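Student: Dropping in query.cif, which is mmCIF, C-alpha atoms:
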data_coords
#
loop_
_atom_site.label_atom_id
_atom_site.label_comp_id
_atom_site.auth_asym_id
_atom_site.auth_seq_id
_atom_site.Cartn_x
_atom_site.Cartn_y
_atom_site.Cartn_z
CA MET T 1 101.48 154.88 109.57
CA MET T 2 101.20 151.81 111.79
CA LYS T 3 101.14 152.12 115.55
CA GLU T 4 101.02 149.59 118.38
CA GLN T 5 98.27 149.71 120.94
CA VAL T 6 97.06 147.44 123.72
CA ILE T 7 93.48 146.48 124.55
CA ILE T 8 92.85 145.35 128.13
CA THR T 9 90.00 142.98 128.94
CA LYS T 10 89.09 141.93 132.47
CA ILE T 11 87.64 138.52 133.14
CA SER T 12 86.02 138.30 136.52
CA ILE T 13 85.81 134.85 138.12
CA LYS T 14 83.63 134.19 141.16
CA ARG T 15 82.90 130.47 141.32
CA LYS T 16 85.02 127.35 141.30
CA GLY T 17 85.30 125.75 137.92
CA GLU T 18 83.65 128.76 136.28
CA ARG T 19 83.77 128.88 132.51
CA LYS T 20 83.58 132.26 130.79
CA HIS T 21 83.00 133.14 127.18
CA PHE T 22 83.88 136.70 126.29
CA GLN T 23 84.53 138.98 123.35
CA ILE T 24 87.29 141.49 122.85
CA LYS T 25 86.36 144.37 120.60
CA LEU T 26 89.17 145.94 118.63
CA PRO T 27 89.21 149.42 117.06
CA LYS T 28 88.02 149.60 113.45
CA ASN T 29 91.42 150.62 112.16
CA THR T 30 93.10 147.48 113.56
CA LYS T 31 95.20 145.63 111.01
CA PHE T 32 96.83 142.85 112.97
CA ILE T 33 96.90 141.26 116.39
CA VAL T 34 100.60 141.14 117.21
CA GLY T 35 100.83 139.95 120.79
CA VAL T 36 99.00 138.63 123.83
CA GLU T 37 99.91 138.69 127.51
CA TYR T 38 98.01 138.21 130.73
CA GLY T 39 98.02 139.17 134.38
CA GLY T 40 95.70 138.84 137.31
CA ARG T 41 94.59 140.02 140.69
CA LEU T 42 93.01 138.35 143.67
CA ILE T 43 89.84 140.18 144.74
CA ASP T 44 88.55 138.30 147.74
CA HIS T 45 90.33 135.48 149.47
CA SER T 46 88.43 135.44 152.74
CA ASP T 47 87.34 131.82 152.27
CA ALA T 48 90.23 130.78 150.17
CA VAL T 49 93.79 129.72 150.47
CA VAL T 50 96.08 132.66 149.79
CA ILE T 51 98.17 132.20 146.68
CA ARG T 52 101.63 131.59 147.96
CA THR T 53 104.67 131.03 145.89
CA PRO T 54 106.13 127.89 147.43
CA LEU T 55 109.69 128.99 146.96
CA PRO T 56 112.39 127.71 149.24
CA ASP T 57 113.22 130.35 151.78
CA PRO T 58 116.96 130.31 152.40
CA PHE T 59 116.35 131.25 156.03
CA THR T 60 114.07 128.33 156.75
CA ASP T 61 114.59 125.80 153.96
CA PRO T 62 118.30 125.46 153.36
CA ILE T 63 118.96 123.56 150.14
CA PRO T 64 121.84 121.12 150.49
CA PRO T 65 124.60 121.88 148.03
CA VAL T 66 124.61 119.65 144.97
CA GLY T 67 127.43 117.14 144.83
CA THR T 68 128.03 116.82 148.55
CA GLY T 69 126.47 113.38 148.87
CA THR T 70 128.23 110.15 149.64
CA GLY T 71 129.89 110.17 146.26
CA GLY T 72 132.90 112.10 147.46
CA ALA T 73 134.39 115.26 146.05
CA VAL T 74 132.65 117.25 143.33
CA GLY T 75 134.04 116.40 139.94
CA THR T 76 134.75 112.75 140.57
CA GLY T 77 131.62 111.85 138.67
CA SER T 78 130.50 109.45 141.35
CA SER T 79 127.78 111.47 143.03
CA GLY T 80 125.21 109.67 140.86
CA ALA T 81 121.53 109.80 141.80
CA THR T 82 122.07 112.11 144.79
CA ASP T 83 122.55 114.98 142.35
CA THR T 84 119.10 114.59 140.80
CA PRO T 85 117.24 117.71 141.92
CA THR T 86 113.73 116.33 141.36
CA ALA T 87 112.85 116.78 145.02
CA PHE T 88 113.43 120.51 144.72
CA PHE T 89 110.93 121.06 141.94
CA LYS T 90 107.67 122.59 143.05
CA ARG T 91 104.44 122.52 141.13
CA ASN T 92 103.21 125.88 139.86
CA GLN T 93 99.72 126.86 140.98
CA LEU T 94 97.47 126.58 137.93
CA ILE T 95 94.90 129.39 137.88
CA GLY T 96 93.04 128.55 134.70
CA GLU T 97 93.07 128.06 130.96
CA LEU T 98 92.76 130.92 128.51
CA LYS T 99 92.03 130.57 124.80
CA LEU T 100 91.46 133.16 122.09
CA GLN T 101 90.01 132.77 118.62
CA SER T 102 89.87 135.22 115.75
CA CYS T 103 86.76 135.45 113.57
CA GLU T 104 89.03 135.38 110.55
CA GLU T 105 90.43 131.91 110.97
CA SER T 106 89.37 128.59 112.41
CA ASN T 107 90.80 127.19 115.66
CA TRP T 108 92.38 129.01 118.57
CA PHE T 109 95.27 131.30 117.77
CA PHE T 110 96.30 131.61 121.41
CA SER T 111 96.03 129.06 124.19
CA VAL T 112 97.78 129.18 127.53
CA ASP T 113 97.70 127.76 131.02
CA VAL T 114 97.53 130.70 133.41
CA PHE T 115 99.86 130.21 136.37
CA ALA T 116 100.09 132.29 139.55
CA SER T 117 103.87 132.52 139.51
CA ASP T 118 106.99 130.56 138.82
CA ALA T 119 107.41 128.36 141.89
CA ASN T 120 110.89 127.24 140.82
CA LEU T 121 112.33 130.70 140.28
CA GLY T 122 115.08 130.10 142.81
CA LEU T 123 116.08 126.67 141.61
CA GLY T 124 119.19 127.74 139.75
CA ASP T 125 120.45 130.01 142.51
CA PHE T 126 123.46 128.40 144.12
CA SER T 127 124.71 131.60 145.70
CA GLN T 128 123.13 130.77 149.09
CA SER T 129 123.24 134.50 149.68
CA GLY T 130 120.23 134.60 151.97
CA PHE T 131 118.31 136.95 149.71
CA PRO T 132 114.72 135.57 149.68
CA ILE T 133 113.70 134.80 146.11
CA LYS T 134 110.38 136.34 145.13
CA ASP T 135 108.74 137.17 141.84
CA TYR T 136 109.00 140.88 142.48
CA THR T 137 112.73 140.82 143.22
CA HIS T 138 114.05 138.05 140.98
CA GLY T 139 111.33 137.83 138.34
CA ASN T 140 112.10 137.88 134.67
CA LYS T 141 111.05 140.70 132.41
CA ARG T 142 107.55 140.08 131.11
CA THR T 143 107.06 140.23 127.38
CA GLU T 144 104.03 139.52 125.28
CA GLU T 145 103.55 136.26 123.41
CA ILE T 146 104.05 137.20 119.78
CA VAL T 147 101.26 136.25 117.38
CA LYS T 148 100.37 137.48 113.91
CA VAL T 149 96.66 137.35 113.21
CA ASP T 150 94.59 139.32 110.75
CA ALA T 151 92.05 141.54 112.53
CA GLU T 152 89.66 142.65 109.79
CA SER T 153 86.54 141.62 111.71
CA THR T 154 87.66 143.50 114.87
CA ILE T 155 86.27 140.87 117.23
CA ILE T 156 88.15 138.22 119.20
CA GLN T 157 86.29 135.36 120.84
CA GLY T 158 87.69 134.30 124.20
CA TRP T 159 87.23 131.41 126.56
CA TYR T 160 88.45 131.00 130.13
CA LEU T 161 88.11 128.08 132.51
CA ASP T 162 88.89 128.34 136.23
CA SER T 163 91.17 125.75 137.78
CA PHE T 164 92.24 127.61 140.92
CA GLY T 165 88.90 127.50 142.75
CA LYS T 166 88.36 123.97 141.54
CA SER T 167 91.68 122.75 142.91
CA GLN T 168 91.14 124.52 146.26
CA LYS T 169 87.48 123.41 146.37
CA VAL T 170 86.24 126.91 147.28
CA ASP T 171 84.81 129.88 145.42
CA ILE T 172 87.64 132.35 144.88
CA LYS T 173 87.04 135.79 143.42
CA TYR T 174 89.76 137.00 141.11
CA GLU T 175 90.32 138.85 137.88
CA VAL T 176 92.36 137.82 134.90
CA ASN T 177 93.49 140.64 132.64
CA VAL T 178 94.06 139.83 129.00
CA TYR T 179 96.28 142.26 127.09
CA VAL T 180 95.93 142.11 123.33
CA TRP T 181 98.58 144.07 121.44
CA ILE T 182 97.42 145.28 118.05
CA ASN T 183 98.74 147.19 115.06
CA VAL T 184 96.50 150.07 114.10
CA GLU T 185 96.69 152.25 111.05
CA GLU T 186 96.62 155.98 111.74
CA MET Z 1 126.90 163.69 119.51
CA LEU Z 2 124.26 161.45 121.03
CA LYS Z 3 124.66 159.72 124.35
CA ALA Z 4 122.51 157.41 126.46
CA THR Z 5 121.02 158.67 129.69
CA LYS Z 6 118.55 157.42 132.25
CA LYS Z 7 115.86 159.58 133.82
CA ARG Z 8 114.00 158.86 137.03
CA PHE Z 9 110.72 160.35 138.20
CA ASP Z 10 109.07 159.53 141.54
CA ILE Z 11 105.54 159.60 142.82
CA LYS Z 12 104.40 158.78 146.35
CA ILE Z 13 101.42 156.64 147.23
CA LEU Z 14 100.28 157.67 150.68
CA VAL Z 15 96.71 156.33 150.80
CA ALA Z 16 95.54 152.81 150.04
CA ASN Z 17 93.29 152.31 147.01
CA SER Z 18 94.03 155.78 145.69
CA SER Z 19 95.08 157.22 142.35
CA VAL Z 20 98.06 159.51 141.90
CA SER Z 21 98.79 161.38 138.72
CA ASP Z 22 101.81 163.48 137.90
CA THR Z 23 103.44 165.05 134.87
CA PHE Z 24 107.18 165.38 134.42
CA GLU Z 25 109.23 167.19 131.85
CA LEU Z 26 112.18 165.72 130.03
CA ASP Z 27 115.27 167.75 129.22
CA LYS Z 28 115.05 169.69 125.98
CA ASN Z 29 118.06 167.93 124.51
CA ILE Z 30 116.54 164.45 124.78
CA VAL Z 31 115.80 163.20 121.29
CA LYS Z 32 114.52 159.67 121.88
CA VAL Z 33 113.00 157.53 124.60
CA HIS Z 34 114.02 153.92 124.15
CA GLY Z 35 112.67 152.15 127.20
CA ILE Z 36 110.60 152.32 130.35
CA LEU Z 37 110.85 150.60 133.74
CA VAL Z 38 108.97 150.90 137.02
CA THR Z 39 110.34 150.09 140.45
CA SER Z 40 109.48 150.89 144.04
CA ASP Z 41 110.94 151.01 147.53
CA LYS Z 42 108.30 148.38 148.45
CA ASP Z 43 108.31 146.31 145.32
CA ASP Z 44 105.81 143.74 146.58
CA LEU Z 45 103.18 146.48 146.84
CA LEU Z 46 103.96 147.71 143.35
CA TYR Z 47 103.91 144.17 141.98
CA TYR Z 48 100.62 143.07 143.48
CA ARG Z 49 98.66 146.32 143.75
CA GLY Z 50 99.85 148.65 141.01
CA THR Z 51 98.41 149.61 137.65
CA GLN Z 52 99.31 152.67 135.62
CA LYS Z 53 98.72 154.68 132.51
CA VAL Z 54 101.75 156.23 130.83
CA GLU Z 55 101.67 159.02 128.26
CA ILE Z 56 104.59 160.63 126.47
CA ASN Z 57 103.92 163.77 124.45
CA LYS Z 58 100.17 163.25 125.10
CA GLU Z 59 100.35 159.90 123.36
CA GLU Z 60 99.19 156.93 125.39
CA PHE Z 61 101.73 154.11 125.50
CA PHE Z 62 100.23 152.04 128.29
CA PRO Z 63 96.51 152.44 128.96
CA GLU Z 64 94.72 152.64 132.27
CA ASN Z 65 94.76 149.39 134.26
CA TYR Z 66 98.00 148.17 132.67
CA GLU Z 67 99.59 146.21 135.50
CA SER Z 68 102.84 147.47 136.94
CA LYS Z 69 104.23 143.94 137.20
CA LEU Z 70 104.40 143.86 133.40
CA LEU Z 71 106.86 146.76 133.45
CA MET Z 72 109.05 145.46 136.29
CA SER Z 73 112.27 143.47 135.99
CA GLY Z 74 113.96 141.52 138.73
CA ILE Z 75 117.65 141.33 139.52
CA ASN Z 76 117.90 138.15 137.46
CA VAL Z 77 117.57 140.29 134.34
CA ALA Z 78 120.77 141.78 132.95
CA PRO Z 79 120.90 145.54 133.64
CA LYS Z 80 120.94 146.48 129.97
CA GLN Z 81 117.82 144.40 129.28
CA ARG Z 82 115.62 145.57 132.13
CA TYR Z 83 113.79 148.30 130.26
CA TYR Z 84 110.58 147.66 128.33
CA ASP Z 85 111.45 148.52 124.74
CA LEU Z 86 109.46 151.43 123.32
CA GLY Z 87 111.38 151.48 120.07
CA GLY Z 88 112.84 155.00 120.12
CA VAL Z 89 109.96 157.36 120.71
CA ALA Z 90 110.39 161.04 119.85
CA PRO Z 91 109.62 162.94 123.07
CA GLY Z 92 107.80 165.81 121.32
CA ASN Z 93 106.93 168.36 123.98
CA GLY Z 94 108.87 166.27 126.52
CA LEU Z 95 105.95 165.79 128.88
CA VAL Z 96 105.67 162.39 130.55
CA LYS Z 97 102.47 161.72 132.43
CA ILE Z 98 101.93 158.79 134.78
CA SER Z 99 98.54 158.01 136.31
CA TYR Z 100 99.09 155.36 138.93
CA LYS Z 101 96.35 153.44 140.70
CA ASP Z 102 96.80 151.43 143.90
CA LEU Z 103 94.30 148.60 144.40
CA ASP Z 104 94.23 146.11 147.24
CA ASP Z 105 94.47 142.47 146.21
CA GLY Z 106 94.39 140.79 149.62
CA ARG Z 107 97.98 139.56 149.62
CA THR Z 108 99.69 142.69 150.89
CA VAL Z 109 99.33 145.09 153.78
CA PHE Z 110 99.42 148.70 152.67
CA ALA Z 111 102.13 151.08 153.78
CA PRO Z 112 103.04 154.34 152.04
CA TYR Z 113 105.43 153.66 149.20
CA ARG Z 114 107.29 155.28 146.36
CA VAL Z 115 106.89 154.43 142.69
CA SER Z 116 109.80 155.28 140.43
CA LEU Z 117 109.45 155.59 136.70
CA TYR Z 118 112.72 155.16 134.81
CA LEU Z 119 113.18 156.17 131.20
CA ASP Z 120 116.05 155.05 129.01
CA CYS Z 121 116.74 158.09 126.82
CA GLU Z 122 119.11 159.29 124.18
CA MET Z 123 120.25 162.90 124.43
CA GLU Z 124 122.31 165.33 122.46
CA ASP Z 125 125.44 166.60 124.12
CA GLU Z 126 124.96 170.11 125.37
CA LEU Z 127 127.13 172.53 123.49
#
Show how you would write the structure in this file as structure tokens.
Tutor:
Amino acid sequence: MMKEQVIITKISIKRKGERKHFQIKLPKNTKFIVGVEYGGRLIDHSDAVVIRTPLPDPFTDPIPPVGTGTGGAVGTGSSGATDTPTAFFKRNQLIGELKLQSCEESNWFFSVDVFASDANLGLGDFSQSGFPIKDYTHGNKRTEEIVKVDAESTIIQGWYLDSFGKSQKVDIKYEVNVYVWINVEE
Amino acid sequence: MLKATKKRFDIKILVANSSVSDTFELDKNIVKVHGILVTSDKDDLLYYRGTQKVEINKEEFFPENYESKLLMSGINVAPKQRYYDLGGVAPGNGLVKISYKDLDDGRTVFAPYRVSLYLDCEMEDEL
């Protein structure tokens, strides 16, 4: 009988631009790697800039309604360039790069840019309700990235490169948790 | 006849950087557990500080240090899709154990808070 299980690996980062090589050991009865997800936690930010989600706060940053420019009434099709919401887009804070490789096959089977949060979570909200948009109130359901990799050798090679400390130009201590979902045979 | 039901179990976190463990019992007529969800009365604390282990029928579904944020859903998610899908687990002895750990991450100020564990279950009608 096959059963799903998750293996958690912590990567601890202490210096800016730090590069880490790590291994994830899987149980001997592992058949497949079926999914990967990640999370993280700030450990010490005394010298660092606190990770803030630069979301527009409806109390302080009112977003002008789309289509109310000089083009006239909504629906006339004449609002033109004033409707382009490029100014509202905010850049997500890049934390680092994570890559995983199986011993069974060449090349990475998983590669992702690790971001702190979705800075544009509130972009599609036109309700103007005054409810501050945060990850923990409006965030989407997290699901693992589905992969299908043979796991006969029970070892995964991992690589992580810090971008957060590098971009802030300070040493920031944080942890990245890598969750590897596996199928095990009972 | 089978019908869907939701169960809620609460634990209270009163001290910062502490662990709280509790075991709850499901009703005897529950035949399957389909999903799991965690919420809190101070959801920023749960999101940034929380990790938990969850066992059903002494079987570990989420190991220690599994972050709570991975089991949370915001109001942008449709109500019927908010639960993490467990795929219809048989509850066995009906015991659900949660071991929750609070850990400071520098972005939040601790205040006592409640953690609620919701289970999406299927139960037999009582005769």
Student: With a distance cut-off of 7 Å and all atoms listed in the file, select the neighbouring residues of stretch 164-169 of chain T, excluding the residue or stretch itself and same-chain residues fewer than 5 positions from it, and output the selection as a PyMOL selection string.
Tutor: chain T and resi 15-17+94-96
Student: Quick check: residues of chain Z within 9 Å of chain T, only C-alpha atoms, returned as number ranges by chain.
Tutor: Z: 43-44, 46-49, 60-67, 69-77, 81-84, 104-107
Student: Near stretch 12-14 of chain Z, counting all atoms listed in the file, which residues have an atom at most 12 Å away, once you skip same-chain residues fewer than 2 positions from it, shown as a PyMOL selection string?
Tutor: chain Z and resi 9-10+16-22+40-42+45-46+49-50+98-103+110-117
Student: Can you work out the spacing between atom CA of T:Phe109 and atom CA of Z:Ile36 in Å, to one decimal?
Tutor: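 It comes out at 28.9 Å.
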Student: I'd like to see the residues matched by the PyMOL selection byres ((chain Z and resi 86-97) around 8) on this file, and ideally I'd get them as a list of chain:residue names.
Tutor: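 Matching residues under the PyMOL selection byres ((chain Z and resi 86-97) around 8) are Z:Ser21, Z:Asp22, Z:Thr23, Z:Phe24, Z:Glu25, Z:Leu26, Z:Asp27, Z:Lys28, Z:Ile30, Z:Val31, Z:Lys32, Z:Val33, Z:His34, Z:Gly35, Z:Ile36, Z:Lys53, Z:Val54, Z:Glu55, Z:Ile56, Z:Asn57, Z:Lys58, Z:Tyr84, Z:Asp85, Z:Ile98, Z:Ser99.
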